[in-house]
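Participant: Structure: target.tsv, TSV, C-alpha atoms.
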```tsv
chain	number	residue	atom	x	y	z
I	85	MET	CA	93.30	47.64	70.59
I	86	THR	CA	89.85	46.39	71.50
I	87	SER	CA	86.88	48.01	69.84
I	88	GLY	CA	85.34	48.82	73.23
I	89	ALA	CA	88.19	51.22	74.04
I	90	VAL	CA	87.82	52.85	70.62
I	91	ILE	CA	84.09	53.37	71.19
I	92	LEU	CA	84.71	54.77	74.68
I	93	SER	CA	87.39	57.17	73.46
I	94	THR	CA	85.10	58.27	70.60
I	95	ILE	CA	82.34	59.06	73.09
I	96	PHE	CA	84.77	61.15	75.17
I	97	MET	CA	86.08	62.98	72.10
I	98	LEU	CA	82.56	63.74	70.84
I	99	GLY	CA	81.68	65.08	74.29
I	100	GLY	CA	84.76	67.29	74.15
I	101	ILE	CA	83.83	68.60	70.70
I	102	PHE	CA	80.29	69.31	71.95
I	103	PHE	CA	81.59	71.42	74.84
I	104	PHE	CA	84.07	73.23	72.56
I	105	THR	CA	81.15	74.14	70.31
I	106	THR	CA	78.98	75.40	73.17
I	107	ALA	CA	81.90	77.45	74.56
I	108	THR	CA	82.43	79.04	71.14
I	109	ILE	CA	78.74	79.85	70.82
I	110	GLY	CA	79.00	81.35	74.31
I	111	ILE	CA	81.83	83.68	73.24
I	112	LEU	CA	79.87	84.81	70.21
I	113	ARG	CA	76.45	85.24	71.82
I	114	PHE	CA	76.97	86.36	75.44
I	115	PRO	CA	76.58	90.11	76.12
I	116	ASP	CA	79.77	91.23	77.95
I	117	PHE	CA	83.30	90.37	79.04
I	118	PHE	CA	82.56	88.43	82.22
I	119	THR	CA	79.84	86.23	80.78
I	120	ARG	CA	82.04	85.40	77.79
I	121	LEU	CA	84.90	84.52	80.14
I	122	HIS	CA	82.48	82.36	82.11
I	123	ALA	CA	81.58	80.43	78.96
I	124	THR	CA	85.16	79.81	77.86
I	125	GLY	CA	86.63	79.26	81.33
I	126	LYS	CA	84.26	76.43	82.18
I	127	GLY	CA	83.42	75.03	78.75
I	128	ASP	CA	86.94	74.91	77.32
I	129	THR	CA	88.40	73.34	80.47
I	130	LEU	CA	85.86	70.52	80.42
I	131	ALA	CA	86.24	70.10	76.66
I	132	VAL	CA	90.04	69.88	76.81
I	133	LEU	CA	89.84	67.39	79.68
I	134	LEU	CA	87.34	65.20	77.82
I	135	CYS	CA	89.40	65.28	74.60
I	136	LEU	CA	92.63	64.41	76.45
I	137	ILE	CA	90.98	61.58	78.40
I	138	GLY	CA	89.61	60.22	75.12
I	139	LEU	CA	93.08	60.34	73.57
I	140	ALA	CA	94.61	58.62	76.62
I	141	ILE	CA	92.03	55.82	76.44
I	142	TYR	CA	92.71	55.41	72.72
I	143	GLU	CA	96.46	55.18	73.42
I	144	GLY	CA	96.09	52.42	76.03
I	145	PHE	CA	98.62	51.85	78.83
I	146	SER	CA	101.79	53.49	77.55
I	147	LEU	CA	104.19	56.34	78.25
I	148	THR	CA	102.31	58.54	75.78
I	149	ALA	CA	99.05	58.04	77.72
I	150	LEU	CA	100.86	59.01	80.94
I	151	LYS	CA	102.13	62.21	79.31
I	152	ILE	CA	98.59	63.00	78.12
I	153	VAL	CA	97.34	62.53	81.70
I	154	PHE	CA	100.04	64.95	82.92
I	155	ILE	CA	98.87	67.51	80.35
I	156	ALA	CA	95.27	67.01	81.53
I	157	VAL	CA	96.25	67.62	85.17
I	158	PHE	CA	98.18	70.74	84.16
I	159	MET	CA	95.21	72.02	82.14
I	160	ALA	CA	92.78	71.33	85.00
I	161	LEU	CA	94.97	73.42	87.34
I	162	ALA	CA	96.11	76.21	85.03
I	163	GLN	CA	93.05	77.06	82.97
I	164	PRO	CA	90.59	77.95	85.79
I	165	THR	CA	93.38	79.89	87.52
I	166	ALA	CA	94.09	81.88	84.37
I	167	THR	CA	90.38	82.61	83.95
I	168	HIS	CA	90.20	83.72	87.57
I	169	ALA	CA	93.25	85.99	87.16
I	170	ILE	CA	91.90	87.59	83.96
I	171	SER	CA	88.46	88.26	85.45
I	172	LYS	CA	89.95	89.69	88.64
I	173	ALA	CA	92.25	91.97	86.65
I	174	ALA	CA	89.30	93.14	84.53
I	175	LEU	CA	87.27	93.91	87.66
I	176	ARG	CA	90.20	95.83	89.14
I	177	VAL	CA	90.67	98.09	86.09
I	178	GLY	CA	86.95	98.85	86.11
I	179	VAL	CA	85.20	96.74	83.48
I	180	GLN	CA	81.50	97.05	84.37
I	181	PRO	CA	79.57	93.77	84.63
I	182	TRP	CA	76.47	93.48	82.47
I	183	MET	CA	73.19	93.97	84.30
I	184	LYS	CA	69.78	92.56	83.44
I	185	GLY	CA	67.84	94.85	81.13
I	186	GLU	CA	70.88	96.66	79.69
I	187	LYS	CA	71.62	96.65	75.99
I	188	GLU	CA	74.29	94.35	74.66
I	189	ASP	CA	77.72	95.98	74.84
I	190	ASP	CA	79.62	95.35	71.63
I	191	SER	CA	82.63	97.49	72.46
I	192	SER	CA	84.14	95.30	75.21
I	193	ILE	CA	85.38	92.07	73.74
O	430	MET	CA	103.66	98.26	86.46
O	431	ILE	CA	103.43	94.81	88.00
O	432	ARG	CA	102.28	94.51	91.61
O	433	SER	CA	102.42	91.47	93.82
O	434	SER	CA	99.10	89.57	93.65
O	435	GLU	CA	97.18	89.31	96.93
O	436	ASP	CA	94.99	86.51	95.57
O	437	ILE	CA	95.51	83.20	97.37
O	438	ILE	CA	94.33	81.10	94.40
O	439	ILE	CA	96.86	82.62	91.99
O	440	ARG	CA	99.69	82.51	94.54
O	441	THR	CA	99.05	78.88	95.51
O	442	VAL	CA	98.62	77.53	91.99
O	443	SER	CA	101.71	79.27	90.66
O	444	ARG	CA	103.72	78.09	93.65
O	445	ILE	CA	102.63	74.51	92.92
O	446	LEU	CA	103.16	74.75	89.15
O	447	VAL	CA	106.53	76.53	88.93
O	448	PRO	CA	108.69	73.51	90.01
O	449	PHE	CA	106.91	71.26	87.51
O	450	ILE	CA	107.35	73.81	84.72
O	451	GLN	CA	111.07	73.96	85.51
O	452	LEU	CA	111.28	70.15	85.61
O	453	PHE	CA	109.64	70.02	82.17
O	454	ALA	CA	112.14	72.61	80.92
O	455	LEU	CA	115.02	70.41	82.08
O	456	TYR	CA	113.37	67.45	80.31
O	457	VAL	CA	113.16	69.46	77.08
O	458	ILE	CA	116.84	70.50	77.37
O	459	ALA	CA	118.08	67.01	78.23
O	460	HIS	CA	116.20	65.36	75.35
O	461	GLY	CA	117.07	68.13	72.90
O	462	HIS	CA	119.57	66.23	70.78
O	463	TYR	CA	117.37	63.33	69.72
O	464	SER	CA	113.77	64.58	70.02
O	465	PRO	CA	111.89	67.85	69.47
O	466	GLY	CA	113.11	70.59	71.76
O	467	GLY	CA	116.54	71.75	72.73
O	468	GLY	CA	118.42	74.48	74.49
O	469	PHE	CA	116.45	77.42	73.19
O	470	GLN	CA	113.01	75.94	73.82
O	471	GLY	CA	113.95	74.63	77.27
O	472	GLY	CA	115.50	77.98	78.16
O	473	VAL	CA	112.33	79.77	77.10
O	474	ILE	CA	110.26	77.47	79.34
O	475	LEU	CA	112.64	78.12	82.26
O	476	GLY	CA	112.37	81.86	81.59
O	477	ALA	CA	108.56	81.56	81.44
O	478	SER	CA	108.50	79.94	84.88
O	479	LEU	CA	110.49	82.89	86.25
O	480	VAL	CA	108.10	85.30	84.50
O	481	LEU	CA	105.19	83.48	86.18
O	482	LEU	CA	106.90	84.05	89.53
O	483	LEU	CA	107.40	87.70	88.62
O	484	ILE	CA	103.77	88.41	87.69
O	485	THR	CA	102.52	86.54	90.78
O	486	TYR	CA	104.85	87.70	93.52
O	487	GLY	CA	105.86	91.10	92.16
O	488	PRO	CA	109.25	92.58	91.22
O	489	SER	CA	110.77	93.07	94.69
O	490	ASP	CA	110.08	89.50	95.88
O	491	THR	CA	111.41	88.03	92.62
O	492	ARG	CA	114.49	90.28	92.69
O	493	ARG	CA	115.40	88.75	96.04
O	494	HIS	CA	115.66	85.30	94.38
O	495	ILE	CA	117.09	86.39	91.02
O	496	SER	CA	119.20	89.52	91.34
O	497	GLY	CA	120.41	91.60	88.42
O	498	LYS	CA	123.90	90.33	89.07
O	499	SER	CA	122.87	86.66	88.79
O	500	VAL	CA	121.01	87.37	85.54
O	501	ALA	CA	124.22	88.86	84.12
O	502	VAL	CA	126.28	85.93	85.43
O	503	PHE	CA	123.91	83.31	83.97
O	504	SER	CA	123.69	84.97	80.54
O	505	SER	CA	127.49	85.24	80.34
O	506	LEU	CA	127.99	81.72	81.71
O	507	GLY	CA	125.88	80.26	78.87
O	508	VAL	CA	127.95	82.05	76.23
O	509	LEU	CA	131.12	80.92	78.03
O	510	ILE	CA	130.01	77.26	77.96
O	511	TYR	CA	129.07	77.49	74.27
O	512	SER	CA	132.23	79.22	73.08
O	513	GLY	CA	134.39	77.28	75.55
O	514	ILE	CA	133.35	73.94	74.07
O	515	GLY	CA	133.93	75.37	70.61
O	516	PHE	CA	137.43	76.60	71.45
O	517	ILE	CA	138.38	73.36	73.22
O	518	CYS	CA	137.64	71.65	69.90
O	519	LEU	CA	139.90	74.22	68.17
O	520	LEU	CA	142.69	73.51	70.68
O	521	LEU	CA	142.36	69.76	69.98
O	522	LEU	CA	143.22	70.46	66.31
O	523	GLY	CA	139.62	70.24	65.04
O	524	ASN	CA	137.27	72.84	63.62
O	525	TYR	CA	135.19	75.18	65.80
O	526	LEU	CA	132.48	73.04	67.52
O	527	ASP	CA	133.98	69.83	66.06
O	528	TYR	CA	132.70	67.61	68.88
O	529	GLY	CA	134.34	64.43	67.64
O	530	LYS	CA	137.74	65.74	68.81
O	531	LEU	CA	136.44	65.80	72.40
O	532	SER	CA	136.64	61.98	72.55
O	533	GLY	CA	140.30	62.24	73.62
O	534	ILE	CA	139.64	64.17	76.84
O	535	LEU	CA	136.26	62.59	77.66
O	536	HIS	CA	137.55	58.98	77.14
O	537	VAL	CA	134.54	57.92	75.02
O	538	THR	CA	134.04	57.02	71.36
O	539	PRO	CA	133.76	59.93	68.87
O	540	ALA	CA	130.02	59.27	68.40
O	541	GLU	CA	129.36	59.55	72.13
O	542	ALA	CA	131.60	62.62	72.28
O	543	ARG	CA	129.42	64.29	69.61
O	544	SER	CA	126.26	63.53	71.61
O	545	LEU	CA	127.79	64.88	74.83
O	546	GLY	CA	129.18	67.94	73.04
O	547	ILE	CA	125.77	68.84	71.65
O	548	LEU	CA	124.27	68.35	75.14
O	549	GLY	CA	126.85	70.79	76.54
O	550	ILE	CA	125.98	73.32	73.85
O	551	GLU	CA	122.26	72.94	74.64
O	552	ILE	CA	122.91	73.57	78.34
O	553	GLY	CA	124.86	76.73	77.53
O	554	VAL	CA	122.12	78.00	75.21
O	555	GLY	CA	119.52	77.18	77.88
O	556	PHE	CA	121.31	79.26	80.54
O	557	THR	CA	121.63	82.29	78.28
O	558	VAL	CA	118.08	82.15	76.93
O	559	MET	CA	116.61	81.77	80.43
O	560	ALA	CA	118.51	84.76	81.78
O	561	ILE	CA	117.84	86.98	78.76
O	562	MET	CA	114.10	86.12	78.62
O	563	PHE	CA	113.70	87.00	82.29
O	564	SER	CA	115.81	90.14	81.94
O	565	ILE	CA	113.82	91.42	78.92
O	566	PHE	CA	110.49	90.87	80.67
O	567	PHE	CA	111.69	92.37	83.94
O	568	ASP	CA	113.15	95.49	82.31
O	569	ILE	CA	110.07	96.12	80.14
O	570	SER	CA	107.62	95.56	83.00
O	571	SER	CA	109.49	97.80	85.43
O	572	GLY	CA	110.05	100.51	82.82
O	573	GLY	CA	113.81	100.37	83.39
O	574	LYS	CA	113.42	101.55	87.00
O	575	PRO	CA	114.57	99.38	89.93
O	576	PRO	CA	111.83	98.21	92.36
O	577	GLU	CA	111.12	100.31	95.45
O	578	ASP	CA	113.33	98.49	97.95
O	579	GLU	CA	116.43	98.84	95.76
O	580	LYS	CA	116.26	102.63	95.36
O	581	GLU	CA	118.48	103.42	98.31
```
Give the structure from this file in structure tokens form.

Facilitator:
Amino acid sequence: MTSGAVILSTIFMLGGIFFFTTATIGILRFPDFFTRLHATGKGDTLAVLLCLIGLAIYEGFSLTALKIVFIAVFMALAQPTATHAISKAALRVGVQPWMKGEKEDDSSI
Amino acid sequence: MIRSSEDIIIRTVSRILVPFIQLFALYVIAHGHYSPGGGFQGGVILGASLVLLLITYGPSDTRRHISGKSVAVFSSLGVLIYSGIGFICLLLLGNYLDYGKLSGILHVTPAEARSLGILGIEIGVGFTVMAIMFSIFFDISSGGKPPEDEKE
């Protein structure tokens, strides 16, 4: 294990942790359902991808790294689709999107 | 009530992902006797892939691929495999599920016979769990009523 790979994987992991943190702040601070879903759907996908790529780099060329890459591909496909499905279902059952100037809606989480 | 999704993104992604989910389930079942996983977990993943088909394509489309009769056959087949292997061991003068006695009819060493016997048990458990998981989800989601095209 060269130290360059360790440094590179650390940079990726720190980037992943940064985006996890911003996604969590987004859930806590955004005003309604759709904006919160927007924060998690994009932020968590990127964060998971960065963390998994960092782990794969740390592992080097091995079967474990290949499995991690498979998980990353699965995540990149499944997570945006799940977000899309949830938001479409919410729109269909009549969750009202937040408009500019309205008060923050605490009831719909 | 579950309806078939019109959305092309959801339909396409689930159509791409379902074969890979089922392949992973077979991997979990096949590696069950010397790594984490096994019949139950692999069967649950197989059942989850069928549930993904159900919530994407709706009950009537899914019923065409997996009928109520085939669910019953698969759940019984798993129990038959499990208890059949157990009773074959009884017939070969061993205890119930005493895989070592299978070495006589499989023409392998007792250690290999134990490994193969456990694999057979895992496959039986996987069949039953897959069928029951799908059946539970289908019956709850349809409220016990058959889908529209099966009413007649």

Participant: For Asp527 of chain O, list every protein, DNA or RNA residue within 12 Å, evaluated using only C-alpha atoms, and leave out those in the same chain fewer than 2 positions away; present the list as a list in words.

Facilitator: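 My reading of the contact set: Ser512, Ile514, Gly515, Phe516, Ile517, Cys518, Leu519, Leu520, Leu521, Leu522, Gly523, Asn524, Tyr525, Gly529, Lys530, Leu531, Ser532, Pro539, Ala540, Ala542, Arg543, Ser544, Leu545, Gly546, Ile547 and Ile550 of chain O.
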
Participant: Within 10 Å of chain O, which residues of chain I show up? Give each one with its shortest atom-to-atom distance in Å (one decimal) and the two atoms involved, counting only C-alpha atoms, rows by chain then rising residue number, as JSON lines.

Facilitator:
```
{"residue": "I:Phe158", "atom": "CA", "partner": "O:Leu446", "partner_atom": "CA", "distance": 8.1}
{"residue": "I:Leu161", "atom": "CA", "partner": "O:Val442", "partner_atom": "CA", "distance": 7.2}
{"residue": "I:Ala162", "atom": "CA", "partner": "O:Val442", "partner_atom": "CA", "distance": 7.5}
{"residue": "I:Pro164", "atom": "CA", "partner": "O:Ile438", "partner_atom": "CA", "distance": 9.9}
{"residue": "I:Thr165", "atom": "CA", "partner": "O:Ile439", "partner_atom": "CA", "distance": 6.3}
{"residue": "I:Ala166", "atom": "CA", "partner": "O:Ile439", "partner_atom": "CA", "distance": 8.1}
{"residue": "I:His168", "atom": "CA", "partner": "O:Ile439", "partner_atom": "CA", "distance": 8.1}
{"residue": "I:Ala169", "atom": "CA", "partner": "O:Ile439", "partner_atom": "CA", "distance": 6.9}
{"residue": "I:Lys172", "atom": "CA", "partner": "O:Asp436", "partner_atom": "CA", "distance": 9.1}
```

Participant: Excluding segment 100-111 of chain I and its own-chain neighbours fewer than 4 positions away, which residues fall within 6 Å of it when counting all atoms listed in the file? Please give them as a PDB file with C-alpha atoms, in the frame of the given file.

Facilitator:
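Dumped everything to selection_26.pdb:
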```pdb
ATOM      1  CA  ARG I 120      82.040  85.400  77.790  1.00  0.00           C
ATOM      2  CA  ALA I 123      81.580  80.430  78.960  1.00  0.00           C
ATOM      3  CA  THR I 124      85.160  79.810  77.860  1.00  0.00           C
ATOM      4  CA  GLY I 127      83.420  75.030  78.750  1.00  0.00           C
ATOM      5  CA  ASP I 128      86.940  74.910  77.320  1.00  0.00           C
ATOM      6  CA  ALA I 131      86.240  70.100  76.660  1.00  0.00           C
ATOM      7  CA  LEU I 134      87.340  65.200  77.820  1.00  0.00           C
ATOM      8  CA  CYS I 135      89.400  65.280  74.600  1.00  0.00           C
TER       9      CYS I 135
END
```

Participant: Quick one: distance from atom CA of Val473 of chain O to atom CA of Ala454 of chain O in Å, one decimal?

Facilitator: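 A separation of 8.1 Å between them.
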
Participant: Name all residues at most 9 Å from segment 151-154 of chain I (count all atoms listed in the file; drop same-chain ones fewer than 3 positions away) and give them as a VMD selection string.

Facilitator: chain I and resid 136 to 137 139 to 140 146 to 148 157 to 159

Participant: Write out as JSON, numbers by chain which residues come within 12 Å of Ile552 of chain O when counting only C-alpha atoms, dropping same-chain ones fewer than 2 positions away.

Facilitator: {"O": [454, 455, 456, 457, 458, 459, 460, 461, 462, 467, 468, 469, 470, 471, 472, 475, 503, 504, 506, 507, 508, 509, 510, 511, 514, 545, 546, 547, 548, 549, 550, 554, 555, 556, 557, 558, 559]}

Participant: Check the smallest atom-to-atom distance from each of O:Tyr463, O:Phe453, O:Tyr528, O:Tyr486 to Ile437 of chain O using only C-alpha atoms, then report the winner.

Facilitator: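 Ranking O:Tyr463, O:Phe453, O:Tyr528, O:Tyr486 by distance to Ile437 of chain O, first place goes to O:Tyr486.
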
Participant: Please compute the atom CA of Val500 of chain O-atom CA of Ala560 of chain O distance, one decimal, in Å.

Facilitator: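 Going from atom CA of Val500 of chain O over to atom CA of Ala560 of chain O, I get 5.2 Å.
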
Participant: I:Val177, I:Ala149, I:Ile141, I:Leu130: which is nearest Gln163 of chain I, counting all atoms listed in the file?

Facilitator: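 The answer is I:Leu130, which sits nearest to Gln163 of chain I.
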
Participant: Just checking: using only C-alpha atoms, which residue out of O:Ser570, O:Gly513, O:Gly476, O:Ile534 ends up closest to Ile495 of chain O?

Facilitator: O:Gly476

Participant: Some atoms are missing, so please complete segment 466-487 of chain O with N, CA and C atoms and return it as a short mmCIF file (atom, residue, chain, number, x, y, z; two decimals), keeping the file's coordinate frame.

Facilitator:
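Resulting contents of selection14.cif:
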```
data_model
loop_
_atom_site.label_atom_id
_atom_site.label_comp_id
_atom_site.auth_asym_id
_atom_site.auth_seq_id
_atom_site.Cartn_x
_atom_site.Cartn_y
_atom_site.Cartn_z
N GLY O 466 112.71 69.79 70.61
CA GLY O 466 113.11 70.59 71.76
C GLY O 466 114.56 70.96 71.65
N GLY O 467 115.15 71.38 72.75
CA GLY O 467 116.54 71.75 72.73
C GLY O 467 116.81 72.89 73.67
N GLY O 468 118.01 73.45 73.56
CA GLY O 468 118.42 74.48 74.49
C GLY O 468 117.54 75.70 74.46
N PHE O 469 117.22 76.18 73.26
CA PHE O 469 116.45 77.42 73.19
C PHE O 469 115.06 77.23 73.78
N GLN O 470 114.38 76.15 73.36
CA GLN O 470 113.01 75.94 73.82
C GLN O 470 112.98 75.70 75.33
N GLY O 471 113.90 74.88 75.83
CA GLY O 471 113.95 74.63 77.27
C GLY O 471 114.27 75.90 78.05
N GLY O 472 115.18 76.71 77.50
CA GLY O 472 115.50 77.98 78.16
C GLY O 472 114.31 78.91 78.21
N VAL O 473 113.52 78.92 77.11
CA VAL O 473 112.33 79.77 77.10
C VAL O 473 111.34 79.30 78.16
N ILE O 474 111.20 77.96 78.33
CA ILE O 474 110.26 77.47 79.34
C ILE O 474 110.76 77.82 80.74
N LEU O 475 112.07 77.70 80.97
CA LEU O 475 112.64 78.12 82.26
C LEU O 475 112.38 79.60 82.51
N GLY O 476 112.63 80.42 81.45
CA GLY O 476 112.37 81.86 81.59
C GLY O 476 110.91 82.13 81.86
N ALA O 477 110.00 81.34 81.22
CA ALA O 477 108.56 81.56 81.44
C ALA O 477 108.18 81.24 82.87
N SER O 478 108.83 80.23 83.49
CA SER O 478 108.50 79.94 84.88
C SER O 478 108.93 81.10 85.77
N LEU O 479 110.07 81.72 85.45
CA LEU O 479 110.49 82.89 86.25
C LEU O 479 109.55 84.06 86.03
N VAL O 480 109.04 84.22 84.77
CA VAL O 480 108.10 85.30 84.50
C VAL O 480 106.81 85.07 85.26
N LEU O 481 106.39 83.79 85.39
CA LEU O 481 105.19 83.48 86.18
C LEU O 481 105.39 83.88 87.64
N LEU O 482 106.58 83.59 88.17
CA LEU O 482 106.90 84.05 89.53
C LEU O 482 106.82 85.56 89.62
N LEU O 483 107.34 86.24 88.59
CA LEU O 483 107.40 87.70 88.62
C LEU O 483 106.00 88.30 88.61
N ILE O 484 105.10 87.79 87.75
CA ILE O 484 103.77 88.41 87.69
C ILE O 484 102.90 87.97 88.85
N THR O 485 103.31 86.92 89.61
CA THR O 485 102.52 86.54 90.78
C THR O 485 103.02 87.24 92.03
N TYR O 486 104.32 87.21 92.26
CA TYR O 486 104.85 87.70 93.52
C TYR O 486 105.42 89.11 93.44
N GLY O 487 105.43 89.72 92.25
CA GLY O 487 105.86 91.10 92.16
C GLY O 487 107.37 91.23 92.00
#
```
